[in-house]
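Read the structure below first, then the notes.
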Amino acid sequence: MNTPNAPKRVTEQDRLVGQRIKMLRMSRGISQSVLGRALGVTFQQIQKYENGVNRVAASRLSEVAQLLEVPVSTFFEEGGGLVEQGQKEAFEFLRVPGAVDLLNAFITIEDDRLRREVLALVRSAARMEQDQGT
């Protein structure tokens, strides 16, 4: 039980919120510095939020949601605004190191044929990896 003056401990939910802030920020190509300036905090503070070191206050989370153009419920698994299963799965995929960078690079390819070729290359690499593992 927390005493009135004791600092609140960061929870798993706080870490999840931070991870989702990071994924959404990166998916929009926004740096920690730019997000920090928009919120009136340092990029170090954004790092602390994203790494789950510091909790994000409700008012600040509302500002983040507005800047990232998502409903506040996007940051939570449960509650009044349940995140749909597909969205949960997308967040899990985006946790893989390099996934957001790969997606950002992929969406900049305008030629449909080239996109299909890049996708085929990635799928081929994944199959090779799986074949080596068995």
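Residues in the structure tokens are numbered from 1 in each chain, the chains being A, B, ... in the order shown, and ligands are numbered from 1 in the order shown.
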Within 9 Å of Ser27 (chain A), counting only C-alpha atoms, which residues show up once you throw out same-chain ones fewer than 5 positions away? Write them as number ranges by chain, please. A: 22, 100-101, 103-104
Within 10 Å of Leu67 (chain A) using only C-alpha atoms, minus same-chain residues under 2 positions, as a list in words: Arg25, Leu35, Ala38, Leu39, Leu61, Ser62, Glu63, Val64, Ala65, Glu69 and Val70 of chain A
Would you put the residues from that selection into a file with C-alpha atoms, as an mmCIF file, in the first residue's frame?
```
data_model
loop_
_atom_site.group_PDB
_atom_site.id
_atom_site.type_symbol
_atom_site.label_atom_id
_atom_site.label_comp_id
_atom_site.auth_asym_id
_atom_site.auth_seq_id
_atom_site.Cartn_x
_atom_site.Cartn_y
_atom_site.Cartn_z
ATOM 1 C CA ARG A 25 5.272 8.364 -32.725
ATOM 2 C CA LEU A 35 6.966 15.440 -29.673
ATOM 3 C CA ALA A 38 4.864 20.030 -28.810
ATOM 4 C CA LEU A 39 4.162 18.856 -25.243
ATOM 5 C CA LEU A 61 -1.720 11.417 -22.355
ATOM 6 C CA SER A 62 -4.694 13.304 -23.759
ATOM 7 C CA GLU A 63 -2.293 15.789 -25.392
ATOM 8 C CA VAL A 64 -0.199 12.938 -26.804
ATOM 9 C CA ALA A 65 -3.322 11.313 -28.246
ATOM 10 C CA GLU A 69 -4.309 11.723 -33.892
ATOM 11 C CA VAL A 70 -5.608 8.685 -32.010
#
```
Pick out the residues sitting within 6 Å of region 44-52 of chain A, and hand them over as an mmCIF file with N, CA, C and O atoms, in the first residue's frame; count only C-alpha atoms, and ignore anything fewer than 4 positions along from it in its own chain.
```cif
data_model
loop_
_atom_site.group_PDB
_atom_site.id
_atom_site.type_symbol
_atom_site.label_atom_id
_atom_site.label_comp_id
_atom_site.auth_asym_id
_atom_site.auth_seq_id
_atom_site.Cartn_x
_atom_site.Cartn_y
_atom_site.Cartn_z
ATOM 1 N N ASP A 14 1.701 1.153 -17.331
ATOM 2 C CA ASP A 14 2.485 2.347 -17.665
ATOM 3 C C ASP A 14 3.502 2.028 -18.763
ATOM 4 O O ASP A 14 3.716 2.822 -19.677
ATOM 5 N N ARG A 15 4.125 0.857 -18.661
ATOM 6 C CA ARG A 15 5.098 0.446 -19.685
ATOM 7 C C ARG A 15 4.410 0.236 -21.038
ATOM 8 O O ARG A 15 4.930 0.620 -22.081
ATOM 9 N N GLY A 18 3.676 3.543 -22.617
ATOM 10 C CA GLY A 18 4.911 4.094 -23.173
ATOM 11 C C GLY A 18 5.297 3.445 -24.484
ATOM 12 O O GLY A 18 5.694 4.124 -25.442
ATOM 13 N N GLN A 19 5.179 2.123 -24.562
ATOM 14 C CA GLN A 19 5.508 1.413 -25.801
ATOM 15 C C GLN A 19 4.589 1.851 -26.940
ATOM 16 O O GLN A 19 5.026 2.024 -28.075
ATOM 17 N N LYS A 22 5.565 5.238 -28.215
ATOM 18 C CA LYS A 22 6.751 5.128 -29.068
ATOM 19 C C LYS A 22 6.394 4.601 -30.455
ATOM 20 O O LYS A 22 6.835 5.155 -31.478
#
```
Give the alpha helix (DSSP H) residues of chain A, as DSSP finds them on the backbone, and put them as a short mmCIF file (atom, residue, chain, number, x, y, z; two decimals) with N, CA and C atoms, in the first residue's frame.
```
data_model
loop_
_atom_site.label_atom_id
_atom_site.label_comp_id
_atom_site.auth_asym_id
_atom_site.auth_seq_id
_atom_site.Cartn_x
_atom_site.Cartn_y
_atom_site.Cartn_z
N GLU A 12 2.98 -2.27 -15.14
CA GLU A 12 3.05 -2.86 -16.48
C GLU A 12 2.19 -2.05 -17.45
N GLN A 13 1.06 -1.55 -16.98
CA GLN A 13 0.20 -0.71 -17.83
C GLN A 13 0.93 0.56 -18.24
N ASP A 14 1.70 1.15 -17.33
CA ASP A 14 2.48 2.35 -17.67
C ASP A 14 3.50 2.03 -18.76
N ARG A 15 4.13 0.86 -18.66
CA ARG A 15 5.10 0.45 -19.69
C ARG A 15 4.41 0.24 -21.04
N LEU A 16 3.23 -0.37 -21.01
CA LEU A 16 2.46 -0.59 -22.24
C LEU A 16 2.10 0.74 -22.89
N VAL A 17 1.65 1.69 -22.09
CA VAL A 17 1.30 3.01 -22.62
C VAL A 17 2.54 3.63 -23.27
N GLY A 18 3.68 3.54 -22.62
CA GLY A 18 4.91 4.09 -23.17
C GLY A 18 5.30 3.44 -24.48
N GLN A 19 5.18 2.12 -24.56
CA GLN A 19 5.51 1.41 -25.80
C GLN A 19 4.59 1.85 -26.94
N ARG A 20 3.34 2.05 -26.63
CA ARG A 20 2.39 2.45 -27.67
C ARG A 20 2.64 3.88 -28.12
N ILE A 21 3.02 4.75 -27.18
CA ILE A 21 3.39 6.11 -27.57
C ILE A 21 4.56 6.04 -28.56
N LYS A 22 5.57 5.24 -28.21
CA LYS A 22 6.75 5.13 -29.07
C LYS A 22 6.39 4.60 -30.45
N MET A 23 5.61 3.54 -30.52
CA MET A 23 5.26 2.95 -31.81
C MET A 23 4.46 3.92 -32.67
N LEU A 24 3.51 4.61 -32.06
CA LEU A 24 2.70 5.55 -32.81
C LEU A 24 3.53 6.75 -33.26
N ARG A 25 4.40 7.24 -32.38
CA ARG A 25 5.27 8.36 -32.72
C ARG A 25 6.16 7.99 -33.91
N MET A 26 6.79 6.83 -33.82
CA MET A 26 7.69 6.39 -34.89
C MET A 26 6.93 6.14 -36.19
N SER A 27 5.74 5.58 -36.09
CA SER A 27 4.98 5.29 -37.30
C SER A 27 4.59 6.57 -38.04
N GLN A 32 11.50 12.19 -30.98
CA GLN A 32 11.22 12.46 -29.56
C GLN A 32 11.32 13.96 -29.28
N SER A 33 12.26 14.63 -29.93
CA SER A 33 12.44 16.08 -29.72
C SER A 33 11.22 16.86 -30.18
N VAL A 34 10.69 16.50 -31.35
CA VAL A 34 9.52 17.20 -31.89
C VAL A 34 8.31 16.97 -30.98
N LEU A 35 8.09 15.73 -30.57
CA LEU A 35 6.97 15.44 -29.67
C LEU A 35 7.15 16.16 -28.35
N GLY A 36 8.37 16.14 -27.84
CA GLY A 36 8.65 16.84 -26.58
C GLY A 36 8.35 18.33 -26.66
N ARG A 37 8.81 18.96 -27.74
CA ARG A 37 8.55 20.41 -27.90
C ARG A 37 7.05 20.68 -27.96
N ALA A 38 6.31 19.84 -28.69
CA ALA A 38 4.86 20.03 -28.81
C ALA A 38 4.17 19.90 -27.46
N LEU A 39 4.75 19.07 -26.57
CA LEU A 39 4.16 18.86 -25.24
C LEU A 39 4.75 19.78 -24.18
N PHE A 43 13.16 15.94 -24.75
CA PHE A 43 13.14 14.63 -25.39
C PHE A 43 13.49 13.54 -24.38
N GLN A 44 14.26 13.90 -23.34
CA GLN A 44 14.59 12.93 -22.30
C GLN A 44 13.33 12.49 -21.56
N GLN A 45 12.42 13.43 -21.36
CA GLN A 45 11.16 13.07 -20.69
C GLN A 45 10.35 12.13 -21.58
N ILE A 46 10.35 12.38 -22.87
CA ILE A 46 9.64 11.48 -23.80
C ILE A 46 10.27 10.09 -23.72
N GLN A 47 11.60 10.02 -23.66
CA GLN A 47 12.29 8.73 -23.51
C GLN A 47 11.82 8.02 -22.25
N LYS A 48 11.71 8.77 -21.15
CA LYS A 48 11.28 8.17 -19.89
C LYS A 48 9.85 7.64 -19.98
N TYR A 49 8.98 8.38 -20.66
CA TYR A 49 7.61 7.89 -20.87
C TYR A 49 7.64 6.61 -21.70
N GLU A 50 8.36 6.64 -22.81
CA GLU A 50 8.37 5.51 -23.74
C GLU A 50 9.02 4.26 -23.13
N ALA A 58 -2.71 11.79 -16.97
CA ALA A 58 -3.88 11.71 -17.84
C ALA A 58 -3.98 12.90 -18.78
N SER A 59 -3.73 14.09 -18.28
CA SER A 59 -3.81 15.28 -19.13
C SER A 59 -2.74 15.25 -20.21
N ARG A 60 -1.55 14.78 -19.86
CA ARG A 60 -0.46 14.69 -20.84
C ARG A 60 -0.79 13.61 -21.88
N LEU A 61 -1.36 12.49 -21.44
CA LEU A 61 -1.72 11.42 -22.36
C LEU A 61 -2.78 11.90 -23.35
N SER A 62 -3.68 12.73 -22.88
CA SER A 62 -4.69 13.30 -23.76
C SER A 62 -4.03 14.18 -24.82
N GLU A 63 -3.03 14.96 -24.44
CA GLU A 63 -2.29 15.79 -25.39
C GLU A 63 -1.55 14.92 -26.41
N VAL A 64 -0.92 13.85 -25.92
CA VAL A 64 -0.20 12.94 -26.80
C VAL A 64 -1.16 12.34 -27.82
N ALA A 65 -2.32 11.91 -27.35
CA ALA A 65 -3.32 11.31 -28.25
C ALA A 65 -3.75 12.30 -29.32
N GLN A 66 -3.95 13.55 -28.94
CA GLN A 66 -4.33 14.57 -29.92
C GLN A 66 -3.23 14.77 -30.95
N LEU A 67 -1.98 14.88 -30.48
CA LEU A 67 -0.86 15.09 -31.40
C LEU A 67 -0.65 13.92 -32.34
N LEU A 68 -0.88 12.70 -31.84
CA LEU A 68 -0.70 11.50 -32.67
C LEU A 68 -1.98 11.11 -33.41
N GLN A 85 -8.94 -6.52 -31.44
CA GLN A 85 -7.93 -7.58 -31.51
C GLN A 85 -6.90 -7.32 -32.60
N GLY A 86 -7.34 -6.89 -33.76
CA GLY A 86 -6.40 -6.60 -34.85
C GLY A 86 -5.41 -5.53 -34.48
N GLN A 87 -5.87 -4.52 -33.76
CA GLN A 87 -4.99 -3.44 -33.34
C GLN A 87 -3.99 -3.95 -32.29
N LYS A 88 -4.44 -4.84 -31.40
CA LYS A 88 -3.53 -5.43 -30.41
C LYS A 88 -2.42 -6.20 -31.12
N GLU A 89 -2.81 -6.98 -32.12
CA GLU A 89 -1.83 -7.77 -32.86
C GLU A 89 -0.85 -6.87 -33.60
N ALA A 90 -1.35 -5.77 -34.16
CA ALA A 90 -0.47 -4.84 -34.87
C ALA A 90 0.56 -4.25 -33.91
N PHE A 91 0.14 -3.91 -32.71
CA PHE A 91 1.09 -3.38 -31.72
C PHE A 91 2.15 -4.42 -31.38
N GLU A 92 1.76 -5.68 -31.30
CA GLU A 92 2.72 -6.75 -31.01
C GLU A 92 3.74 -6.86 -32.14
N PHE A 93 3.27 -6.79 -33.39
CA PHE A 93 4.18 -6.87 -34.53
C PHE A 93 5.14 -5.68 -34.53
N LEU A 94 4.63 -4.51 -34.20
CA LEU A 94 5.45 -3.30 -34.25
C LEU A 94 6.50 -3.25 -33.14
N ALA A 99 10.75 -3.12 -37.15
CA ALA A 99 9.47 -3.26 -37.84
C ALA A 99 8.90 -1.91 -38.29
N VAL A 100 8.96 -0.93 -37.43
CA VAL A 100 8.42 0.40 -37.79
C VAL A 100 9.26 1.01 -38.91
N ASP A 101 10.59 0.86 -38.82
CA ASP A 101 11.46 1.39 -39.88
C ASP A 101 11.16 0.71 -41.22
N LEU A 102 10.98 -0.61 -41.19
CA LEU A 102 10.67 -1.35 -42.41
C LEU A 102 9.34 -0.88 -42.99
N LEU A 103 8.35 -0.73 -42.15
CA LEU A 103 7.04 -0.28 -42.61
C LEU A 103 7.10 1.13 -43.18
N ASN A 104 7.82 2.04 -42.50
CA ASN A 104 7.95 3.41 -43.00
C ASN A 104 8.64 3.43 -44.36
N ALA A 105 9.68 2.63 -44.53
CA ALA A 105 10.37 2.57 -45.81
C ALA A 105 9.45 1.98 -46.88
N PHE A 106 8.73 0.92 -46.53
CA PHE A 106 7.85 0.24 -47.48
C PHE A 106 6.77 1.17 -48.02
N ILE A 107 6.17 1.97 -47.14
CA ILE A 107 5.06 2.82 -47.59
C ILE A 107 5.53 3.99 -48.46
N ASP A 112 3.63 -0.04 -57.40
CA ASP A 112 2.98 -1.25 -56.89
C ASP A 112 3.79 -2.51 -57.19
N ARG A 113 4.37 -2.58 -58.41
CA ARG A 113 5.17 -3.75 -58.79
C ARG A 113 6.39 -3.87 -57.87
N LEU A 114 7.05 -2.76 -57.62
CA LEU A 114 8.22 -2.77 -56.75
C LEU A 114 7.83 -3.16 -55.32
N ARG A 115 6.68 -2.69 -54.86
CA ARG A 115 6.20 -3.09 -53.52
C ARG A 115 6.02 -4.60 -53.44
N ARG A 116 5.39 -5.18 -54.47
CA ARG A 116 5.17 -6.63 -54.49
C ARG A 116 6.50 -7.37 -54.49
N GLU A 117 7.49 -6.85 -55.22
CA GLU A 117 8.81 -7.48 -55.26
C GLU A 117 9.51 -7.40 -53.90
N VAL A 118 9.40 -6.27 -53.24
CA VAL A 118 10.00 -6.13 -51.91
C VAL A 118 9.32 -7.10 -50.94
N LEU A 119 8.01 -7.19 -50.99
CA LEU A 119 7.27 -8.11 -50.14
C LEU A 119 7.69 -9.55 -50.42
N ALA A 120 7.84 -9.90 -51.68
CA ALA A 120 8.27 -11.26 -52.04
C ALA A 120 9.67 -11.53 -51.49
N LEU A 121 10.55 -10.55 -51.55
CA LEU A 121 11.91 -10.70 -51.01
C LEU A 121 11.88 -10.94 -49.50
N VAL A 122 11.08 -10.17 -48.80
CA VAL A 122 10.99 -10.32 -47.34
C VAL A 122 10.39 -11.68 -46.99
N ARG A 123 9.36 -12.07 -47.71
CA ARG A 123 8.75 -13.39 -47.45
C ARG A 123 9.75 -14.52 -47.72
N SER A 124 10.53 -14.38 -48.78
CA SER A 124 11.54 -15.38 -49.11
C SER A 124 12.59 -15.46 -48.00
N ALA A 125 13.02 -14.33 -47.50
CA ALA A 125 13.99 -14.32 -46.40
C ALA A 125 13.41 -14.98 -45.15
N ALA A 126 12.13 -14.74 -44.88
CA ALA A 126 11.48 -15.36 -43.72
C ALA A 126 11.41 -16.88 -43.88
N ARG A 127 11.09 -17.34 -45.09
CA ARG A 127 11.05 -18.79 -45.33
C ARG A 127 12.43 -19.40 -45.16
N MET A 128 13.46 -18.73 -45.66
CA MET A 128 14.83 -19.24 -45.51
C MET A 128 15.20 -19.37 -44.03
N GLU A 129 14.82 -18.37 -43.26
CA GLU A 129 15.09 -18.37 -41.81
C GLU A 129 14.38 -19.55 -41.14
N GLN A 130 13.12 -19.77 -41.51
CA GLN A 130 12.36 -20.87 -40.94
C GLN A 130 12.94 -22.21 -41.33
N ASP A 131 13.37 -22.34 -42.58
CA ASP A 131 13.96 -23.59 -43.05
C ASP A 131 15.26 -23.90 -42.33
N GLN A 132 16.04 -22.89 -42.01
CA GLN A 132 17.30 -23.09 -41.27
C GLN A 132 17.06 -23.51 -39.84
N GLY A 133 15.92 -23.05 -39.30
CA GLY A 133 15.59 -23.37 -37.90
C GLY A 133 15.07 -24.78 -37.70
#
```
